[in-house]
Each structure stands twice: as structure tokens, then as C-alpha cells.
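Next comes work.cif, a file with mmCIF, C-alpha atoms.
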data_protein
#
loop_
_atom_site.label_atom_id
_atom_site.label_comp_id
_atom_site.auth_asym_id
_atom_site.auth_seq_id
_atom_site.Cartn_x
_atom_site.Cartn_y
_atom_site.Cartn_z
CA MET A 24 -24.89 28.67 9.12
CA MET A 25 -26.60 27.74 5.89
CA ASN A 26 -28.76 24.72 5.29
CA GLU A 27 -26.61 21.58 5.54
CA ALA A 28 -28.12 19.99 2.41
CA ILE A 29 -27.38 23.07 0.29
CA LEU A 30 -23.85 23.23 1.69
CA ARG A 31 -23.29 19.57 1.00
CA GLU A 32 -24.51 19.88 -2.57
CA ALA A 33 -22.20 22.84 -3.09
CA LEU A 34 -19.28 20.93 -1.60
CA ILE A 35 -19.90 17.95 -3.86
CA GLU A 36 -19.78 20.35 -6.81
CA THR A 37 -16.64 21.94 -5.35
CA ARG A 38 -14.92 18.60 -5.09
CA LYS A 39 -15.95 17.71 -8.62
CA TYR A 40 -14.44 20.96 -9.89
CA LEU A 41 -11.23 20.50 -7.90
CA ILE A 42 -10.82 16.96 -9.18
CA SER A 43 -11.27 18.22 -12.74
CA GLN A 44 -8.28 20.47 -12.09
CA PHE A 45 -6.00 17.60 -11.13
CA GLU A 46 -3.58 17.25 -13.99
CA GLU A 47 -2.68 13.90 -15.47
CA PRO A 48 0.83 12.91 -14.42
CA THR A 49 3.54 12.86 -17.04
CA ASP A 50 5.39 9.69 -18.00
CA GLU A 51 8.41 10.89 -16.08
CA GLU A 52 6.34 11.49 -12.95
CA ILE A 53 4.71 8.07 -12.94
CA LYS A 54 7.94 6.25 -13.58
CA PHE A 55 8.66 6.44 -9.84
CA SER A 56 12.17 5.94 -8.60
CA ARG A 57 13.34 2.52 -7.50
CA GLY A 58 13.71 3.82 -3.93
CA PHE A 59 10.13 5.04 -3.91
CA ARG A 60 8.77 1.78 -5.23
CA ARG A 61 10.75 -0.15 -2.65
CA ARG A 62 9.46 2.02 0.15
CA MET A 63 5.89 1.84 -1.05
CA LYS A 64 5.90 -1.90 -1.37
CA LYS A 65 6.54 -2.13 2.33
CA LEU A 66 3.27 -0.34 2.91
CA ILE A 67 1.04 -2.17 0.55
CA VAL A 68 0.18 -5.70 -0.40
CA LYS A 69 -0.49 -6.22 -4.04
CA TYR A 70 -4.25 -6.46 -4.13
CA ASP A 71 -4.37 -8.68 -7.16
CA HIS A 72 -2.08 -11.28 -5.64
CA PRO A 73 -4.10 -12.61 -2.75
CA ALA A 74 -2.61 -16.05 -3.38
CA TRP A 75 0.76 -14.69 -2.48
CA TYR A 76 -0.70 -13.10 0.60
CA TYR A 77 -2.28 -16.36 1.67
CA GLY A 78 0.94 -18.20 0.90
CA CYS A 79 2.95 -15.91 3.13
CA LYS A 80 0.25 -16.13 5.76
CA ILE A 81 0.31 -19.91 5.85
CA VAL A 82 4.08 -20.01 6.02
CA ALA A 83 3.95 -17.42 8.76
CA ILE A 84 1.49 -19.54 10.71
CA VAL A 85 3.77 -22.53 10.33
CA PHE A 86 6.68 -20.51 11.66
CA LEU A 87 4.49 -19.22 14.45
CA VAL A 88 3.57 -22.78 15.43
CA ILE A 89 7.19 -23.83 15.27
CA GLY A 90 8.14 -20.81 17.34
CA LEU A 91 5.47 -21.54 19.92
CA THR A 92 6.07 -25.29 20.10
CA GLY A 93 9.81 -24.91 20.06
CA GLY A 94 12.03 -25.45 17.07
CA LEU A 95 14.31 -27.65 19.13
CA VAL A 96 11.50 -30.07 19.87
CA LEU A 97 10.84 -30.37 16.17
CA GLY A 98 14.52 -30.84 15.54
CA PHE A 99 14.87 -33.83 17.84
CA ASN A 100 11.39 -35.21 18.27
CA GLU A 101 10.23 -37.13 15.26
CA THR A 102 6.67 -37.45 16.55
CA ALA A 103 6.34 -33.71 17.04
CA ARG A 104 7.75 -33.09 13.59
CA ALA A 105 5.31 -35.56 12.11
CA GLN A 106 2.46 -33.79 13.89
CA VAL A 107 3.44 -30.42 12.47
CA GLN A 108 3.76 -31.91 9.01
CA GLU A 109 0.39 -33.60 9.39
CA TRP A 110 -1.15 -30.34 10.46
CA PHE A 111 0.47 -28.63 7.52
CA PHE A 112 -0.92 -31.22 5.08
CA GLU A 113 -4.32 -30.82 6.64
CA ARG A 114 -4.30 -27.10 6.01
CA PHE A 115 -3.43 -27.67 2.37
CA SER A 116 -6.03 -30.37 2.01
CA ARG A 117 -8.64 -27.89 3.18
CA ASN A 118 -7.60 -25.77 0.21
CA GLU A 119 -6.76 -22.75 2.28
CA PHE A 120 -4.20 -21.94 -0.30
CA ILE A 121 -6.78 -21.41 -2.98
CA TYR A 122 -7.62 -17.78 -3.48
CA GLN A 123 -10.55 -15.88 -4.86
CA ASN A 124 -11.11 -12.70 -6.81
CA ALA A 125 -7.60 -12.64 -8.18
CA VAL A 126 -7.13 -10.29 -11.08
CA VAL A 127 -4.93 -11.82 -13.72
CA GLU A 128 -4.76 -11.16 -17.39
CA ASN A 129 -5.40 -14.57 -18.89
CA LYS A 130 -1.86 -15.66 -18.21
CA HIS A 131 -0.92 -19.19 -17.33
CA LEU A 132 1.93 -20.32 -15.22
CA ALA A 133 4.74 -22.42 -16.62
CA GLU A 134 5.53 -25.66 -14.77
CA TYR A 135 8.18 -24.31 -12.45
CA SER A 136 9.66 -26.52 -9.76
CA LEU A 137 12.53 -26.11 -7.37
CA VAL A 138 12.85 -29.82 -6.72
CA GLU A 139 16.14 -30.31 -8.54
CA ALA A 140 17.75 -27.25 -6.99
CA VAL A 141 17.07 -27.81 -3.31
CA PRO A 142 19.84 -29.23 -1.10
CA ALA A 143 19.79 -33.03 -0.78
CA GLU A 144 18.77 -33.01 2.87
CA TYR A 145 15.45 -31.36 2.05
CA THR A 146 12.41 -33.45 1.17
CA LEU A 147 9.42 -32.25 -0.77
CA ILE A 148 6.40 -32.64 1.50
CA ASP A 149 3.83 -30.86 -0.58
CA ARG A 150 3.30 -29.39 -4.00
CA GLN A 151 0.19 -27.57 -5.13
CA SER A 152 -0.26 -26.09 -8.55
CA ASP A 153 -2.91 -24.71 -10.82
CA GLU A 154 -2.83 -22.35 -13.78
CA GLU A 155 -1.90 -19.36 -11.66
CA THR A 156 -0.11 -20.65 -8.58
CA ILE A 157 2.63 -23.11 -7.67
CA THR A 158 3.68 -23.83 -4.12
CA GLU A 159 6.27 -26.30 -2.93
CA ILE A 160 7.15 -26.98 0.68
CA TYR A 161 10.29 -28.86 1.67
CA VAL A 162 11.45 -29.90 5.13
CA ASN A 163 14.83 -31.14 6.35
CA ALA A 164 15.58 -33.43 9.28
CA LYS A 165 15.90 -30.47 11.63
CA GLY A 166 12.39 -29.36 10.82
CA ASN A 167 13.59 -26.36 8.79
CA ILE A 168 11.15 -25.43 6.06
CA LEU A 169 12.01 -24.33 2.56
CA SER A 170 9.10 -22.83 0.66
CA PHE A 171 8.90 -21.96 -2.99
CA PHE A 172 6.08 -19.90 -4.52
CA ALA A 173 5.41 -18.91 -8.11
CA PHE A 174 2.46 -16.76 -9.14
CA VAL A 175 1.13 -15.40 -12.35
CA SER A 176 1.68 -11.69 -12.19
CA GLY A 177 -1.14 -9.68 -13.72
CA TYR A 178 0.82 -6.48 -13.45
CA GLY A 179 4.50 -5.70 -13.17
CA GLY A 180 6.10 -4.62 -9.94
CA SER A 181 5.70 -6.71 -6.85
CA VAL A 182 4.48 -5.15 -3.68
CA TYR A 183 5.84 -6.78 -0.62
CA VAL A 184 3.78 -6.97 2.52
CA LEU A 185 6.13 -8.38 5.11
CA SER A 186 7.58 -5.97 7.59
CA ASP A 187 11.33 -6.00 7.36
CA GLU A 188 12.16 -4.22 10.55
CA ASP A 189 13.81 -7.42 11.64
CA ARG A 190 15.37 -8.01 8.28
CA ILE A 191 17.82 -6.29 6.02
CA GLU A 192 16.54 -5.76 2.52
CA GLU A 193 19.05 -5.53 -0.27
CA PRO A 194 18.96 -5.74 -4.04
CA CYS A 195 20.68 -8.56 -5.83
CA TYR A 196 20.71 -10.08 -9.29
CA VAL A 197 19.37 -13.40 -10.46
CA GLY A 198 21.32 -13.51 -13.69
CA GLU A 199 20.33 -10.21 -15.25
CA ILE A 200 17.11 -9.90 -13.28
CA LEU A 201 16.94 -7.51 -10.35
CA ALA A 202 15.62 -9.17 -7.19
CA ASP A 203 15.06 -8.28 -3.55
CA ILE A 204 16.65 -10.35 -0.85
CA TYR A 205 15.60 -10.18 2.79
CA ILE A 206 18.17 -11.30 5.33
CA SER A 207 16.96 -11.80 8.90
CA LYS A 208 18.95 -10.08 11.58
CA ASP A 209 18.22 -13.09 13.79
CA THR A 210 20.07 -16.08 12.40
CA ASN A 211 17.31 -18.35 13.71
CA ASN A 212 14.87 -16.86 11.23
CA SER A 213 14.61 -17.63 7.57
CA ASN A 214 15.81 -15.47 4.69
CA GLU A 215 13.95 -14.81 1.50
CA ILE A 216 14.42 -13.86 -2.12
CA VAL A 217 11.67 -12.28 -4.25
CA TRP A 218 11.87 -11.52 -7.95
CA HIS A 219 9.89 -11.20 -11.14
CA GLY A 220 10.90 -13.68 -13.78
CA LYS A 221 11.36 -12.98 -17.48
CA ASP A 222 7.76 -14.00 -18.14
CA ASP A 223 6.64 -11.69 -15.32
CA THR A 224 6.01 -14.58 -12.95
CA LEU A 225 6.48 -13.62 -9.35
CA PHE A 226 8.77 -15.97 -7.39
CA ILE A 227 9.54 -16.32 -3.71
CA ILE A 228 12.01 -18.71 -2.11
CA GLN A 229 12.12 -18.70 1.66
CA GLY A 230 14.20 -20.74 4.06
CA MET A 231 17.24 -21.02 6.30
CA PHE A 232 19.72 -20.27 3.56
CA THR A 233 22.45 -17.77 2.91
CA LYS A 234 22.06 -15.03 0.33
CA GLU A 235 24.31 -16.93 -2.07
CA GLU A 236 22.32 -20.15 -1.65
CA LEU A 237 19.03 -18.37 -2.29
CA ILE A 238 20.42 -16.65 -5.39
CA GLY A 239 21.76 -20.00 -6.57
CA MET A 240 18.31 -21.59 -6.34
CA ALA A 241 16.71 -18.58 -7.99
CA ARG A 242 19.21 -18.81 -10.87
CA TRP A 243 18.32 -22.44 -11.32
CA ILE A 244 14.66 -21.50 -11.72
CA GLN A 245 15.55 -18.83 -14.27
CA LYS A 246 17.69 -21.18 -16.36
CA MET B 163 7.31 -12.14 15.55
CA LEU B 164 6.74 -8.70 14.13
CA LEU B 165 6.95 -10.31 10.74
CA ILE B 166 4.10 -12.63 11.58
CA LEU B 167 1.95 -9.96 13.12
CA SER B 168 2.36 -7.79 10.10
CA ILE B 169 1.24 -10.58 7.82
CA ILE B 170 -1.83 -11.39 9.87
CA ASP B 171 -3.21 -7.97 9.32
CA ASN B 172 -6.36 -6.62 7.72
CA GLU B 173 -6.30 -8.00 4.23
CA ASP B 174 -9.17 -5.86 2.94
CA ASP B 175 -7.40 -2.70 3.99
CA LYS B 176 -4.23 -3.73 2.21
CA ARG B 177 -6.10 -4.48 -0.96
CA LYS B 178 -7.83 -1.13 -0.71
CA LEU B 179 -4.53 0.65 -0.24
CA GLY B 180 -3.11 -1.24 -3.21
CA LYS B 181 -5.96 -0.09 -5.42
CA ILE B 182 -5.56 3.50 -4.28
CA TYR B 183 -1.84 3.38 -4.99
CA LYS B 184 -2.32 1.95 -8.45
CA GLU B 185 -5.05 4.38 -9.40
CA TYR B 186 -4.01 7.63 -7.78
CA ALA B 187 -0.28 7.59 -6.96
CA GLY B 188 0.43 9.32 -10.28
CA PHE B 189 -2.01 12.15 -9.54
CA MET B 190 -0.56 12.48 -6.06
CA ILE B 191 2.98 12.71 -7.38
CA LYS B 192 1.90 15.25 -9.99
CA ARG B 193 0.25 17.45 -7.39
CA ALA B 194 3.08 17.17 -4.90
CA ASN B 195 5.62 17.86 -7.63
CA ARG B 196 3.72 20.96 -8.66
CA ILE B 197 4.10 22.29 -5.14
CA LEU B 198 7.65 21.10 -4.49
CA ASP B 199 9.09 21.27 -8.00
CA ASN B 200 11.28 18.31 -7.14
CA LEU B 201 10.37 14.71 -7.94
CA ASP B 202 12.39 13.20 -5.09
CA ASP B 203 10.65 15.40 -2.56
CA ALA B 204 7.32 14.71 -4.24
CA GLU B 205 7.86 10.98 -3.75
CA ASP B 206 8.63 11.57 -0.07
CA ALA B 207 5.43 13.56 0.21
CA VAL B 208 3.38 10.82 -1.41
CA GLN B 209 4.91 8.21 0.85
CA ASN B 210 4.07 10.32 3.91
CA ALA B 211 0.58 10.84 2.57
CA PHE B 212 0.10 7.10 2.16
CA ILE B 213 1.04 6.50 5.78
CA LYS B 214 -1.71 8.91 6.79
CA ILE B 215 -4.16 7.42 4.33
CA ALA B 216 -3.43 3.94 5.69
CA ASN B 217 -4.45 5.14 9.12
CA HIS B 218 -7.79 6.42 7.87
CA LEU B 219 -8.74 3.76 5.36
CA ASP B 220 -12.00 3.03 7.10
CA ARG B 221 -13.11 6.51 6.06
CA LEU B 222 -12.72 5.69 2.40
CA GLU B 223 -15.58 3.40 1.49
CA LYS B 224 -14.67 2.87 -2.14
CA PRO B 225 -11.00 2.92 -3.12
CA ILE B 226 -11.82 4.16 -6.62
CA SER B 227 -14.17 7.12 -6.28
CA ASP B 228 -14.29 10.90 -6.30
CA ASP B 229 -14.31 10.76 -2.51
CA THR B 230 -11.03 8.93 -2.47
CA LYS B 231 -9.42 10.81 -5.31
CA TRP B 232 -9.89 14.21 -3.73
CA TYR B 233 -8.90 12.92 -0.32
CA VAL B 234 -5.66 11.25 -1.38
CA VAL B 235 -4.53 14.06 -3.66
CA THR B 236 -5.25 16.56 -0.90
CA ALA B 237 -3.28 14.37 1.52
CA ALA B 238 -0.35 14.52 -0.92
CA GLU B 239 -0.70 18.32 -1.15
CA ASN B 240 -0.62 18.63 2.62
CA ALA B 241 2.37 16.33 2.87
CA ALA B 242 4.15 18.42 0.24
CA ILE B 243 3.43 21.59 2.18
CA ASP B 244 4.81 19.94 5.33
CA ILE B 245 8.03 19.22 3.49
CA ILE B 246 8.36 22.82 2.33
CA ARG B 247 7.68 24.06 5.83
CA LYS B 248 10.33 21.78 7.28
CA LYS B 249 12.88 22.76 4.65
CA THR B 250 12.30 26.46 4.98
CA ALA B 251 11.65 26.34 8.72
CA LEU B 252 8.69 28.61 8.13
CA THR B 253 5.95 26.97 10.12
CA ASP B 254 3.53 29.82 9.48
CA MET B 255 4.05 30.02 5.75
CA PRO B 256 0.66 30.75 4.21
CA TYR B 257 -1.03 27.61 2.99
CA GLU B 258 -2.33 29.19 -0.20
CA ASP B 259 1.13 30.28 -1.36
CA PHE B 260 1.62 26.82 -2.79
CA PHE B 261 -1.53 26.75 -4.84
CA PRO B 262 -2.23 28.36 -8.14
CA SER B 263 -5.53 30.16 -8.31
CA GLU B 264 -8.20 27.63 -9.05
CA ALA B 265 -11.27 29.78 -8.78
CA TYR B 266 -12.25 29.69 -12.43
CA TYR B 267 -15.38 27.77 -11.80
CA LYS B 268 -17.94 28.17 -14.59
CA GLY B 269 -20.70 26.07 -13.06
CA LYS B 270 -24.09 27.26 -11.91
CA ASN B 271 -23.90 26.54 -8.20
CA ARG B 272 -23.30 29.97 -6.66
CA VAL B 273 -22.41 28.54 -3.27
CA THR B 274 -19.74 26.41 -4.94
CA ALA B 275 -18.33 29.53 -6.58
CA LEU B 276 -18.12 31.17 -3.18
CA ILE B 277 -16.47 28.11 -1.62
CA LEU B 278 -13.90 28.16 -4.39
CA SER B 279 -13.16 31.79 -3.68
CA LEU B 280 -12.09 30.84 -0.15
CA SER B 281 -8.50 29.91 0.60
CA PRO B 282 -7.50 26.28 -0.09
CA LYS B 283 -7.22 25.72 3.64
CA ASP B 284 -10.74 27.01 4.29
CA ARG B 285 -12.05 24.86 1.46
CA ASP B 286 -10.38 21.78 2.90
CA MET B 287 -11.85 22.54 6.31
CA LEU B 288 -15.37 22.69 4.88
CA LEU B 289 -14.92 19.61 2.72
CA LEU B 290 -13.50 17.45 5.49
CA ARG B 291 -16.02 18.61 8.06
CA HIS B 292 -19.22 18.85 6.04
CA LEU B 293 -18.71 16.43 3.16
CA TYR B 294 -16.44 13.76 4.62
CA GLY B 295 -17.97 14.03 8.09
CA TYR B 296 -14.67 14.14 9.96
CA ASN B 297 -14.77 15.16 13.60
CA TYR B 298 -12.31 17.78 14.86
CA SER B 299 -9.96 15.22 16.30
CA GLU B 300 -9.73 13.29 13.02
CA MET B 301 -9.21 16.51 11.09
CA GLY B 302 -6.43 17.45 13.49
CA GLU B 303 -4.68 14.17 12.74
CA VAL B 304 -4.97 14.64 9.00
CA LEU B 305 -3.99 18.30 8.98
CA LYS B 306 -1.40 18.10 11.76
CA MET B 307 -3.25 20.64 13.87
CA SER B 308 -4.56 20.57 17.41
CA GLU B 309 -8.23 19.79 17.85
CA GLU B 310 -8.82 23.28 19.18
CA ALA B 311 -7.04 24.89 16.22
CA VAL B 312 -9.15 22.81 13.85
CA ARG B 313 -12.33 23.81 15.64
CA LYS B 314 -11.41 27.48 15.27
CA ALA B 315 -10.35 27.07 11.65
CA VAL B 316 -13.61 25.34 10.74
CA LYS B 317 -15.63 28.02 12.49
CA ARG B 318 -13.64 30.68 10.66
CA ALA B 319 -14.20 29.02 7.29
CA GLU B 320 -17.92 28.64 7.97
CA LEU B 321 -18.16 32.26 8.99
CA LYS B 322 -16.34 33.44 5.85
CA LEU B 323 -18.66 31.42 3.66
CA GLU B 324 -21.72 32.64 5.50
CA THR B 325 -20.60 36.25 5.14
CA SER B 326 -20.00 35.78 1.41
CA CYS B 327 -23.39 34.15 1.01
CA ARG B 328 -25.09 37.06 2.80
CA GLU B 329 -23.26 39.57 0.63
CA GLU B 330 -24.44 37.68 -2.46
CA GLY B 331 -27.99 37.55 -1.15
CA LEU B 332 -27.96 33.77 -0.86
CA LEU B 333 -28.95 33.76 2.81
#
What does this structure look like when you write it as C-alpha cells?
Amino acid sequence: MMNEAILREALIETRKYLISQFEEPTDEEIKFSRGFRRRMKKLIVKYDHPAWYYGCKIVAIVFLVIGLTGGLVLGFNETARAQVQEWFFERFSRNEFIYQNAVVENKHLAEYSLVEAVPAEYTLIDRQSDEETITEIYVNAKGNILSFFAFVSGYGGSVYVLSDEDRIEEPCYVGEILADIYISKDTNNSNEIVWHGKDDTLFIIQGMFTKEELIGMARWIQK
Amino acid sequence: MLLILSIIDNEDDKRKLGKIYKEYAGFMIKRANRILDNLDDAEDAVQNAFIKIANHLDRLEKPISDDTKWYVVTAAENAAIDIIRKKTALTDMPYEDFFPSEAYYKGKNRVTALILSLSPKDRDMLLLRHLYGYNYSEMGEVLKMSEEAVRKAVKRAELKLETSCREEGLL
């Protein structure tokens, strides 16, 4: 066989030539069907929305803790509930929700809040906001958590990271805006609605609510 | 629980995959569509390609690079060919039937010209083995071939190139 260095140099040139032959996609080709985009977003997290990723991660950890410690205990034991809430505050106070290297296009987030739309039994336990991120966490007496996230979206098209093997994903409308709703097959797990607002803000509402309740809250935000 | 496990995953890899999607999905669709002549099938091919790419992300150091571009577009080509093979039930359909002739290289590297005169499959074998440094097992995964079949195919491609080089007086 020939010298490896010569072969490698020739292969680099080969690749360069082959790449030069790749044609630019047409507008029609890069439009991508809705089905394709939906399937792809299950595979990929949007790299320029790490805040969202961290948000989901923190909520997931909370649910994990609740799952491991027992939701029933939190439902009936005020001390245990207080401990979880304390732990949750502590995480926020350590600024774990702050993200780095986010790519946004000089957009600033409007002052969204879900506070007037949440059911009366839920209490706001934490709100964090800056120019690009808003998070609100509510808890009811049973220890159920309602979380609301809003993020500046640098680019259109959300990419959703959570596996939905345990959930049914279906489209729905928040007013005239197309949204994705994720309904857990297990009624003990929370449901979620995700949509891009008119100003391209990305919203997520997650909690133990029906599809109609989630859409209702989302509509309130879009008012 | 699956939900949680999927969230607590490798963040860097997901960002990398996101960048690749944003930058190259259009090229992948274009290439797959050229082979399949059907946008719906092309999207299926690209999705399948991304699943493979996701499993080999550690091989792609920089998400935006020539390395990655060739690799992901080739993955889409292979996925498109798989779809044609499944649809036509012709598992032995010649690989090169789906590619237009691309050997119009005008550069000065004579070995490159000879590599380009090989079949697309032989070219891919050489590129993956000698440029990307894949072992036979990894190539088998990417190309849906057994390790032994890959070994033979690489040997065959190397032999063809060597023969051409001798004929051209390059060896």
C-alpha cells in the first residue's frame, strides 16, 4: 500500500472536492415538514437554549427527589414538604439556573408572569428573571409543582429534549399559535405545554393539569 | 423515570448535534432527495442518519467542519440508499447506481483523481478508514455491514487504488 501520508493528503483533497459538489438545498427542501421537525426535535436539544435545558433539568431533579422520597410523604408531611422547598430554594440561590454561552440575538424578554392564571391553591415559591429568562415555580398543598418558563428565542423552532416515550405528544392551539402538548400516560406524572409566542419567546408550562387547563394558562399568557 | 434519565444526558453532545442539524440538515436533505427523488423519504433518511450520527458524535471533534460536513452528508446518502433497498427489496443493488458521476476533478493531486475514479463505496471505505480513522467494527456500524465484509471491502478498495497508482506510475 502507498505511503500513509500521501494517501491522507489525497483523501483530504478528495473530501474537499466531494464537499464542493454538495449542492445548496432549495427553499422547498429546507422548509422541512412539520412531521420531520417534530421527530427531529425529539433527538436534539436546542444548543442555544441551555437555560431551557437547565430549567428542565432542575425540574426533573425535583421530580426525581419527590419520586425517591415519596410524593405521599410530601403530600401529608409538612416538614418534609418544607425540606424539599428549602432544598429547591437553595439550588436557586446557588444560581444553578443561570446559563452561559447562550446565543441570543440582542432580544430582551417581556415581563411575563403566570401568577394571575394559576389555580388559587398554588402558591408562588420562587421567581427568577433576567433579560433572557423567566422562571416561576408554584407549589400546592399536596406538594404538586407547577413550573413556568419563558426564554428569549434566538432562532425560531423549538427543539425539545425530553423523551416522550411515556407521554403522548399532540398539537394544540393557544389562540392562533400552534403548540405542542405532552400528556403523561401515567396520571401521577405531570403534563406539559410548549409553544413559541408571537414575539418568538419560548414558553413552557408544566404541572399536574389537564390539557384544557394547560391551554387555558397558555392563552392567558398570550393575551 | 425515562424522562429524567433522558434529561440528565450529555449536554455537550446534544449541543453538538443541534449545531450539526442547523448547519447541515439542508445539505443532507438535498443529497438524500437527489437519490430518492421524494422529499418525504429524504426526511426519513435524514432522520435515520441523525440517529447514527448521534451514536458516533465523539468521532466528530468540531460540529462545523469539513470533517463533519462530509460525514453527515455521506450518512444521509447511505440512509437514502437503505430506504431504496428496502423499498425495492434489492439488497444487492449496486451502490454507485444512485450517484451521478462526480469524477470531474480538475485539481493537481493525481492520487485524488484516482480515488475519485473509484466507486463511491470504495471512496467511502478509504475515507472512513484512512482519513477518519474508523476501525472495521465502527465502519460496519455506520455502513450496516459485518466487520468481516468491511475488512474485505477496505482491502479491495486499497488494492484497486494501488493498482491504479501502479498503472499511472505513481508507485
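Restricting the calculation to only C-alpha atoms, the smallest distance between chain B and any of A:Gln151, A:Ser170, A:Thr146, A:Ser213 is found for A:Ser213.
The residues returned by the PyMOL selection byres ((chain B and resi 190) around 9) for this structure are Pro48 of chain A; Tyr186, Ala187, Gly188, Phe189, Ile191, Lys192, Arg193, Ala194, Asn195, Ala204, Glu205, Ala207, Val208, Ala211, Val234, Val235, Thr236, Ala237, Ala238 and Glu239 of chain B.
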- request: Enumerate, as a ChimeraX atom specification, the residues matched when the PyMOL selection byres ((chain B and resi 228) around 8) is run on the file above.
  value: /A:38-39,42 /B:226-227,229-232
field: Ground truth for the PyMOL selection byres ((chain B and resi 315-322) around 10), written as a PyMOL selection string
entry: (chain A and resi 24-25) or (chain B and resi 276-277+280-281+283-292+298+301+307+309-314+323-328)
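One finds atom CA of A:Asn214 at 5.5 Å from atom CA of A:Gly230.
Our summary of the geometry notes that atom CA of A:Ala140 is positioned 10.0 Å from atom CA of A:Glu236.
Closest approach to chain B among A:Asp209, A:Asp153, A:Glu159, A:Glu139 is made by A:Asp209 (distances from all atoms listed in the file).
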task: Measure the distance from atom CA of A:Ile168 to atom CA of B:Asp175 in Å and round it to one decimal.
output: 29.4 Å
Residues near A:Val141, cut-off 9 Å, all atoms listed in the file, skip fewer than 5 positions along chain, as a PyMOL selection string: chain A and resi 146+161+169+240
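Residue nearest B:Gly302 within the list B:Glu185, B:Thr250, B:Asn271, B:Lys214: B:Lys214 [criterion: smallest interatomic distance, all atoms listed in the file].
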message: Can you pull out the residues contacting A:Phe174? Cut-off 7 Å, using only C-alpha atoms, and skip same-chain residues under 4 positions away; I want them as JSON, numbers by chain.
response: {"A": [155, 156, 157, 224, 225, 226]}
Option closest in space to A:Leu137, from A:Tyr205, A:Phe45, A:Phe171, A:Tyr40 [counting all atoms listed in the file]: A:Phe171
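Take the candidates B:Gln209, B:Asn297, B:Asn217, B:Asn240 and check each one against chain A using all atoms listed in the file; the shortest distance goes to B:Gln209.
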Filled-in all heavy atoms of stretch 212-219 of chain B, supplied as a PDB file, in the frame of the given file:
ATOM      1  N   PHE B 212       0.639   8.461   2.110  1.00  0.00           N
ATOM      2  CA  PHE B 212       0.100   7.100   2.160  1.00  0.00           C
ATOM      3  C   PHE B 212       0.077   6.556   3.594  1.00  0.00           C
ATOM      4  O   PHE B 212      -0.814   5.797   3.963  1.00  0.00           O
ATOM      5  CB  PHE B 212       0.894   6.158   1.253  1.00  0.00           C
ATOM      6  CG  PHE B 212       0.204   5.944  -0.058  1.00  0.00           C
ATOM      7  CD1 PHE B 212       0.585   6.651  -1.185  1.00  0.00           C
ATOM      8  CD2 PHE B 212      -0.856   5.061  -0.159  1.00  0.00           C
ATOM      9  CE1 PHE B 212      -0.074   6.483  -2.391  1.00  0.00           C
ATOM     10  CE2 PHE B 212      -1.525   4.879  -1.361  1.00  0.00           C
ATOM     11  CZ  PHE B 212      -1.133   5.594  -2.479  1.00  0.00           C
ATOM     12  N   ILE B 213       1.047   6.960   4.380  1.00  0.00           N
ATOM     13  CA  ILE B 213       1.040   6.500   5.780  1.00  0.00           C
ATOM     14  C   ILE B 213      -0.200   7.046   6.482  1.00  0.00           C
ATOM     15  O   ILE B 213      -0.892   6.341   7.215  1.00  0.00           O
ATOM     16  CB  ILE B 213       2.337   6.940   6.489  1.00  0.00           C
ATOM     17  CG1 ILE B 213       3.514   6.137   5.908  1.00  0.00           C
ATOM     18  CG2 ILE B 213       2.239   6.727   7.998  1.00  0.00           C
ATOM     19  CD1 ILE B 213       4.882   6.654   6.286  1.00  0.00           C
ATOM     20  N   LYS B 214      -0.507   8.313   6.191  1.00  0.00           N
ATOM     21  CA  LYS B 214      -1.710   8.910   6.790  1.00  0.00           C
ATOM     22  C   LYS B 214      -2.975   8.239   6.257  1.00  0.00           C
ATOM     23  O   LYS B 214      -3.909   7.943   6.991  1.00  0.00           O
ATOM     24  CB  LYS B 214      -1.777  10.405   6.472  1.00  0.00           C
ATOM     25  CG  LYS B 214      -0.955  11.244   7.398  1.00  0.00           C
ATOM     26  CD  LYS B 214      -1.234  12.698   7.159  1.00  0.00           C
ATOM     27  CE  LYS B 214      -0.352  13.552   8.034  1.00  0.00           C
ATOM     28  NZ  LYS B 214      -0.522  14.976   7.747  1.00  0.00           N
ATOM     29  N   ILE B 215      -2.979   8.039   4.954  1.00  0.00           N
ATOM     30  CA  ILE B 215      -4.160   7.420   4.330  1.00  0.00           C
ATOM     31  C   ILE B 215      -4.393   6.033   4.936  1.00  0.00           C
ATOM     32  O   ILE B 215      -5.521   5.648   5.227  1.00  0.00           O
ATOM     33  CB  ILE B 215      -3.963   7.330   2.799  1.00  0.00           C
ATOM     34  CG1 ILE B 215      -3.965   8.733   2.196  1.00  0.00           C
ATOM     35  CG2 ILE B 215      -5.054   6.481   2.159  1.00  0.00           C
ATOM     36  CD1 ILE B 215      -3.362   8.795   0.795  1.00  0.00           C
ATOM     37  N   ALA B 216      -3.307   5.304   5.134  1.00  0.00           N
ATOM     38  CA  ALA B 216      -3.430   3.940   5.690  1.00  0.00           C
ATOM     39  C   ALA B 216      -4.081   3.958   7.061  1.00  0.00           C
ATOM     40  O   ALA B 216      -4.786   3.029   7.432  1.00  0.00           O
ATOM     41  CB  ALA B 216      -2.048   3.290   5.768  1.00  0.00           C
ATOM     42  N   ASN B 217      -3.853   5.042   7.783  1.00  0.00           N
ATOM     43  CA  ASN B 217      -4.450   5.140   9.120  1.00  0.00           C
ATOM     44  C   ASN B 217      -5.912   5.540   9.108  1.00  0.00           C
ATOM     45  O   ASN B 217      -6.569   5.523  10.148  1.00  0.00           O
ATOM     46  CB  ASN B 217      -3.656   6.138   9.982  1.00  0.00           C
ATOM     47  CG  ASN B 217      -2.282   5.608  10.317  1.00  0.00           C
ATOM     48  OD1 ASN B 217      -2.106   4.396  10.453  1.00  0.00           O
ATOM     49  ND2 ASN B 217      -1.305   6.483  10.424  1.00  0.00           N
ATOM     50  N   HIS B 218      -6.388   5.982   7.941  1.00  0.00           N
ATOM     51  CA  HIS B 218      -7.790   6.420   7.870  1.00  0.00           C
ATOM     52  C   HIS B 218      -8.544   5.693   6.768  1.00  0.00           C
ATOM     53  O   HIS B 218      -9.503   6.229   6.211  1.00  0.00           O
ATOM     54  CB  HIS B 218      -7.850   7.936   7.617  1.00  0.00           C
ATOM     55  CG  HIS B 218      -7.321   8.731   8.769  1.00  0.00           C
ATOM     56  ND1 HIS B 218      -5.993   9.058   8.896  1.00  0.00           N
ATOM     57  CD2 HIS B 218      -7.933   9.229   9.869  1.00  0.00           C
ATOM     58  CE1 HIS B 218      -5.815   9.737  10.022  1.00  0.00           C
ATOM     59  NE2 HIS B 218      -6.970   9.854  10.627  1.00  0.00           N
ATOM     60  N   LEU B 219      -8.119   4.490   6.469  1.00  0.00           N
ATOM     61  CA  LEU B 219      -8.740   3.760   5.360  1.00  0.00           C
ATOM     62  C   LEU B 219     -10.215   3.482   5.576  1.00  0.00           C
ATOM     63  O   LEU B 219     -10.989   3.410   4.621  1.00  0.00           O
ATOM     64  CB  LEU B 219      -8.019   2.425   5.151  1.00  0.00           C
ATOM     65  CG  LEU B 219      -6.832   2.440   4.207  1.00  0.00           C
ATOM     66  CD1 LEU B 219      -6.275   1.042   4.082  1.00  0.00           C
ATOM     67  CD2 LEU B 219      -7.216   2.964   2.835  1.00  0.00           C
TER      68      LEU B 219
END
